[in-house]
Structures are given as structure tokens and as C-alpha cells.
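Structure below is model28.txt: compact mmCIF, N, CA and C atoms.
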# COMPACT_ATOMS: atom_id res chain seq x y z
N MET A 125 24.85 26.38 -1.26
CA MET A 125 23.67 26.33 -2.11
C MET A 125 22.82 27.56 -1.83
N SER A 126 22.39 28.20 -2.89
CA SER A 126 21.58 29.42 -2.72
C SER A 126 20.15 29.05 -2.37
N ASP A 127 19.39 30.08 -1.92
CA ASP A 127 17.97 29.86 -1.59
C ASP A 127 17.20 29.39 -2.82
N GLU A 128 17.52 29.94 -3.96
CA GLU A 128 16.82 29.55 -5.19
C GLU A 128 17.11 28.09 -5.54
N GLU A 129 18.33 27.66 -5.35
CA GLU A 129 18.68 26.27 -5.64
C GLU A 129 17.98 25.32 -4.68
N ARG A 130 17.90 25.71 -3.40
CA ARG A 130 17.20 24.88 -2.42
C ARG A 130 15.72 24.79 -2.75
N LYS A 131 15.12 25.92 -3.12
CA LYS A 131 13.69 25.92 -3.48
C LYS A 131 13.47 25.07 -4.72
N GLY A 132 14.36 25.19 -5.69
CA GLY A 132 14.25 24.37 -6.90
C GLY A 132 14.35 22.90 -6.58
N SER A 133 15.28 22.56 -5.70
CA SER A 133 15.46 21.18 -5.28
C SER A 133 14.22 20.66 -4.55
N GLU A 134 13.66 21.51 -3.70
CA GLU A 134 12.45 21.14 -2.96
C GLU A 134 11.28 20.91 -3.91
N VAL A 135 11.15 21.79 -4.89
CA VAL A 135 10.08 21.65 -5.89
C VAL A 135 10.28 20.35 -6.67
N ASP A 136 11.52 20.08 -7.05
CA ASP A 136 11.80 18.83 -7.78
C ASP A 136 11.41 17.61 -6.96
N ASN A 137 11.71 17.63 -5.66
CA ASN A 137 11.35 16.50 -4.79
C ASN A 137 9.85 16.32 -4.69
N ILE A 138 9.14 17.42 -4.53
CA ILE A 138 7.67 17.36 -4.43
C ILE A 138 7.08 16.83 -5.73
N LEU A 139 7.55 17.37 -6.85
CA LEU A 139 7.03 16.93 -8.14
C LEU A 139 7.40 15.49 -8.44
N ALA A 140 8.56 15.04 -7.98
CA ALA A 140 8.97 13.66 -8.19
C ALA A 140 8.01 12.70 -7.49
N GLU A 141 7.57 13.06 -6.30
CA GLU A 141 6.61 12.22 -5.57
C GLU A 141 5.28 12.15 -6.32
N VAL A 142 4.80 13.31 -6.76
CA VAL A 142 3.54 13.35 -7.50
C VAL A 142 3.67 12.57 -8.80
N GLU A 143 4.78 12.79 -9.49
CA GLU A 143 5.02 12.10 -10.76
C GLU A 143 5.03 10.59 -10.57
N GLU A 144 5.65 10.12 -9.50
CA GLU A 144 5.69 8.68 -9.21
C GLU A 144 4.27 8.12 -9.04
N ASP A 145 3.44 8.83 -8.28
CA ASP A 145 2.06 8.40 -8.08
C ASP A 145 1.28 8.40 -9.39
N VAL A 146 1.46 9.43 -10.19
CA VAL A 146 0.74 9.54 -11.47
C VAL A 146 1.13 8.38 -12.39
N PHE A 147 2.43 8.09 -12.50
CA PHE A 147 2.87 7.00 -13.37
C PHE A 147 2.40 5.65 -12.85
N ARG A 148 2.42 5.45 -11.53
CA ARG A 148 1.93 4.19 -10.96
C ARG A 148 0.44 4.03 -11.24
N ASN A 149 -0.33 5.10 -11.05
CA ASN A 149 -1.77 5.03 -11.32
C ASN A 149 -2.04 4.78 -12.80
N GLU A 150 -1.25 5.42 -13.66
CA GLU A 150 -1.41 5.21 -15.10
C GLU A 150 -1.18 3.75 -15.45
N ARG A 151 -0.14 3.17 -14.88
CA ARG A 151 0.17 1.76 -15.14
C ARG A 151 -0.93 0.84 -14.62
N MET A 152 -1.44 1.14 -13.43
CA MET A 152 -2.53 0.33 -12.85
C MET A 152 -3.77 0.40 -13.74
N ILE A 153 -4.07 1.58 -14.26
CA ILE A 153 -5.24 1.73 -15.14
C ILE A 153 -5.05 0.91 -16.40
N LYS A 154 -3.88 1.01 -17.01
CA LYS A 154 -3.62 0.23 -18.24
C LYS A 154 -3.70 -1.27 -17.98
N LEU A 155 -3.13 -1.71 -16.87
CA LEU A 155 -3.18 -3.14 -16.53
C LEU A 155 -4.61 -3.59 -16.25
N SER A 156 -5.37 -2.75 -15.59
CA SER A 156 -6.76 -3.08 -15.29
C SER A 156 -7.59 -3.22 -16.57
N ILE A 157 -7.37 -2.32 -17.51
CA ILE A 157 -8.09 -2.39 -18.79
C ILE A 157 -7.72 -3.67 -19.53
N ALA A 158 -6.43 -3.98 -19.57
CA ALA A 158 -5.99 -5.20 -20.25
C ALA A 158 -6.58 -6.43 -19.57
N LEU A 159 -6.59 -6.43 -18.25
CA LEU A 159 -7.12 -7.57 -17.51
C LEU A 159 -8.61 -7.72 -17.71
N GLU A 160 -9.34 -6.61 -17.74
CA GLU A 160 -10.79 -6.67 -17.98
C GLU A 160 -11.07 -7.37 -19.31
N TYR A 161 -10.29 -7.03 -20.32
CA TYR A 161 -10.45 -7.67 -21.63
C TYR A 161 -10.12 -9.16 -21.54
N MET A 162 -9.01 -9.49 -20.91
CA MET A 162 -8.58 -10.87 -20.86
C MET A 162 -9.52 -11.74 -20.03
N ILE A 163 -10.12 -11.17 -19.01
CA ILE A 163 -11.06 -11.94 -18.18
C ILE A 163 -12.22 -12.47 -19.02
N GLN A 164 -12.57 -11.76 -20.08
CA GLN A 164 -13.64 -12.22 -20.95
C GLN A 164 -13.26 -13.52 -21.67
N LEU A 165 -11.97 -13.78 -21.78
CA LEU A 165 -11.48 -14.98 -22.47
C LEU A 165 -11.17 -16.14 -21.52
N VAL A 166 -11.25 -15.88 -20.23
CA VAL A 166 -10.95 -16.89 -19.22
C VAL A 166 -12.11 -17.86 -19.09
N GLU A 167 -11.78 -19.10 -18.82
CA GLU A 167 -12.79 -20.13 -18.60
C GLU A 167 -13.76 -19.68 -17.51
N PRO A 168 -15.06 -19.85 -17.72
CA PRO A 168 -16.06 -19.32 -16.77
C PRO A 168 -15.83 -19.71 -15.31
N LYS A 169 -15.35 -20.92 -15.06
CA LYS A 169 -15.20 -21.32 -13.66
C LYS A 169 -14.08 -20.56 -12.94
N TYR A 170 -13.20 -19.86 -13.69
CA TYR A 170 -12.12 -19.08 -13.09
C TYR A 170 -12.36 -17.57 -13.11
N LYS A 171 -13.38 -17.14 -13.82
CA LYS A 171 -13.62 -15.69 -13.98
C LYS A 171 -13.75 -14.97 -12.64
N GLU A 172 -14.54 -15.51 -11.75
CA GLU A 172 -14.77 -14.85 -10.46
C GLU A 172 -13.46 -14.72 -9.67
N ALA A 173 -12.61 -15.74 -9.74
CA ALA A 173 -11.33 -15.68 -9.03
C ALA A 173 -10.45 -14.56 -9.60
N PHE A 174 -10.41 -14.43 -10.90
CA PHE A 174 -9.63 -13.36 -11.52
C PHE A 174 -10.22 -11.98 -11.18
N ILE A 175 -11.51 -11.88 -11.18
CA ILE A 175 -12.17 -10.61 -10.83
C ILE A 175 -11.85 -10.23 -9.39
N ARG A 176 -11.95 -11.18 -8.46
CA ARG A 176 -11.63 -10.91 -7.06
C ARG A 176 -10.17 -10.51 -6.88
N ALA A 177 -9.30 -11.22 -7.58
CA ALA A 177 -7.87 -10.90 -7.49
C ALA A 177 -7.60 -9.49 -7.99
N GLU A 178 -8.22 -9.12 -9.09
CA GLU A 178 -8.03 -7.77 -9.64
C GLU A 178 -8.51 -6.71 -8.65
N ARG A 179 -9.67 -6.93 -8.07
CA ARG A 179 -10.23 -5.96 -7.11
C ARG A 179 -9.32 -5.77 -5.90
N ASN A 180 -8.63 -6.84 -5.51
CA ASN A 180 -7.79 -6.79 -4.32
C ASN A 180 -6.33 -6.42 -4.60
N ALA A 181 -5.96 -6.32 -5.86
CA ALA A 181 -4.58 -5.97 -6.21
C ALA A 181 -4.31 -4.52 -5.81
N ARG A 182 -3.16 -4.32 -5.17
CA ARG A 182 -2.80 -2.98 -4.69
C ARG A 182 -1.50 -2.46 -5.29
N SER A 183 -0.86 -3.27 -6.13
CA SER A 183 0.40 -2.83 -6.71
C SER A 183 0.50 -3.27 -8.16
N VAL A 184 1.41 -2.63 -8.87
CA VAL A 184 1.67 -2.99 -10.26
C VAL A 184 2.15 -4.44 -10.32
N GLU A 185 2.96 -4.84 -9.36
CA GLU A 185 3.48 -6.21 -9.34
C GLU A 185 2.35 -7.23 -9.22
N GLU A 186 1.38 -6.95 -8.35
CA GLU A 186 0.24 -7.86 -8.20
C GLU A 186 -0.58 -7.92 -9.48
N MET A 187 -0.80 -6.76 -10.10
CA MET A 187 -1.55 -6.73 -11.36
C MET A 187 -0.81 -7.50 -12.45
N ASN A 188 0.51 -7.33 -12.51
CA ASN A 188 1.29 -8.08 -13.51
C ASN A 188 1.19 -9.58 -13.27
N ARG A 189 1.21 -9.99 -12.03
CA ARG A 189 1.10 -11.43 -11.70
C ARG A 189 -0.25 -11.98 -12.16
N ILE A 190 -1.32 -11.25 -11.90
CA ILE A 190 -2.66 -11.68 -12.31
C ILE A 190 -2.74 -11.74 -13.83
N LEU A 191 -2.22 -10.72 -14.49
CA LEU A 191 -2.25 -10.66 -15.95
C LEU A 191 -1.46 -11.81 -16.57
N GLU A 192 -0.29 -12.10 -16.01
CA GLU A 192 0.53 -13.20 -16.51
C GLU A 192 -0.19 -14.54 -16.35
N LEU A 193 -0.85 -14.74 -15.22
CA LEU A 193 -1.59 -15.98 -15.01
C LEU A 193 -2.77 -16.08 -15.98
N ALA A 194 -3.44 -14.97 -16.23
CA ALA A 194 -4.55 -14.97 -17.21
C ALA A 194 -4.03 -15.33 -18.60
N ARG A 195 -2.89 -14.77 -18.98
CA ARG A 195 -2.29 -15.09 -20.28
C ARG A 195 -1.98 -16.58 -20.39
N LYS A 196 -1.36 -17.12 -19.34
CA LYS A 196 -1.02 -18.54 -19.35
C LYS A 196 -2.27 -19.41 -19.44
N HIS A 197 -3.27 -19.04 -18.66
CA HIS A 197 -4.52 -19.81 -18.67
C HIS A 197 -5.16 -19.80 -20.05
N ILE A 198 -5.25 -18.64 -20.66
CA ILE A 198 -5.85 -18.52 -21.99
C ILE A 198 -5.03 -19.30 -23.01
N GLY A 199 -3.70 -19.20 -22.93
CA GLY A 199 -2.83 -19.94 -23.84
C GLY A 199 -2.99 -21.45 -23.69
N GLN A 200 -3.04 -21.93 -22.46
CA GLN A 200 -3.22 -23.36 -22.22
C GLN A 200 -4.58 -23.82 -22.73
N ARG A 201 -5.58 -23.03 -22.44
CA ARG A 201 -6.94 -23.39 -22.89
C ARG A 201 -7.00 -23.47 -24.41
N THR A 202 -6.33 -22.55 -25.08
CA THR A 202 -6.29 -22.56 -26.55
C THR A 202 -5.54 -23.79 -27.04
N ALA A 203 -4.40 -24.08 -26.44
CA ALA A 203 -3.61 -25.26 -26.85
C ALA A 203 -4.40 -26.55 -26.64
N ILE A 204 -5.09 -26.66 -25.52
CA ILE A 204 -5.90 -27.85 -25.24
C ILE A 204 -6.98 -28.02 -26.30
N THR A 205 -7.60 -26.91 -26.68
CA THR A 205 -8.65 -26.96 -27.71
C THR A 205 -8.05 -27.39 -29.05
N ILE A 206 -6.95 -26.81 -29.43
CA ILE A 206 -6.31 -27.12 -30.72
C ILE A 206 -5.83 -28.57 -30.75
N LEU A 207 -5.24 -29.02 -29.65
CA LEU A 207 -4.69 -30.37 -29.60
C LEU A 207 -5.74 -31.44 -29.30
N GLY A 208 -6.92 -30.99 -28.90
CA GLY A 208 -7.99 -31.95 -28.60
C GLY A 208 -7.74 -32.76 -27.36
N ILE A 209 -7.04 -32.19 -26.41
CA ILE A 209 -6.70 -32.90 -25.18
C ILE A 209 -7.90 -32.91 -24.24
Conversion result in C-alpha cells:
Amino acid sequence: MSDEERKGSEVDNILAEVEEDVFRNERMIKLSIALEYMIQLVEPKYKEAFIRAERNARSVEEMNRILELARKHIGQRTAITILGI
């Protein structure tokens, strides 16, 4: 491998790390925005729990879990209202 190829490979590795961080941060921002909107639709007694969970989330997986639970909660609440349960 030539010096130029090694340097190119090194640059690719460095940029791959930065790119990974940028994409992860982008995803966290998008999830946070979606969750902020959905929290407005959550039953008041659960809002603080969702807000605390969001503040403490450190990964895309944690944010997805919170968002999925918010979706389920909102869906159930809507179904209960429609069905008069």
C-alpha cells in the first residue's frame, strides 16, 4: 500500500467517525422534536414522566423506546375516548 493510499484510508476512518456522530446527533434531534410534539398529546399525569425520560435518554434506542410508548399511550387514550370506556 502506498503512502497516499494509507493517508486516504486514514482520512476515511477519521471522517467515518465524525459522520457517525453527525448522523446519530441528527437522528436524536429529529426524535426529540417528534417527542416534544407528542408530549403535548400525552395525558397530563404522564407528561412529566415523558419529559424526564427524554432528558435522560442518551441513545437513539432509548429515544425510540420513549417515542413508541408515547404513540401507544396516545393511541390507547384516543381509543378509550372513541369507545367510551
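Across the structure, atom CA of Arg179 of chain A and atom CA of Ile138 of chain A are spaced 29.5 Å apart.
As for atom N of Val166 of chain A and atom CA of Arg148 of chain A, they are spaced 25.7 Å apart.
Counting only C-alpha atoms and comparing A:Gln200, A:Ser156, A:Asn137, A:Thr205, the residue that lies closest to Asn188 of chain A is A:Ser156.
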| Residue contacts of Ala177 of chain A (8 Å, all atoms listed in the file) excluding same-chain residues fewer than 6 positions away, as a list in words |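 Here the answer would be Lys171, Glu186, Met187 and Ile190 of chain A.
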| task | To one decimal in Å, tell me the separation between atom CA of Leu207 of chain A and atom CA of Arg195 of chain A. | result |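 Answer for the atom CA of Leu207 of chain A to atom CA of Arg195 of chain A separation: 18.1 Å.
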| field | Spatial neighbours of Ile157 of chain A, 12 Å, only C-alpha atoms, chain gap at least 5 places, as number ranges by chain | value | A: 150-152, 162-164, 178, 187, 191
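You can rank A:Ile198, A:Val142, A:Ile153, A:Leu193 by their closest distance to Glu167 of chain A using all atoms listed in the file, and at the top of that list sits A:Ile198.
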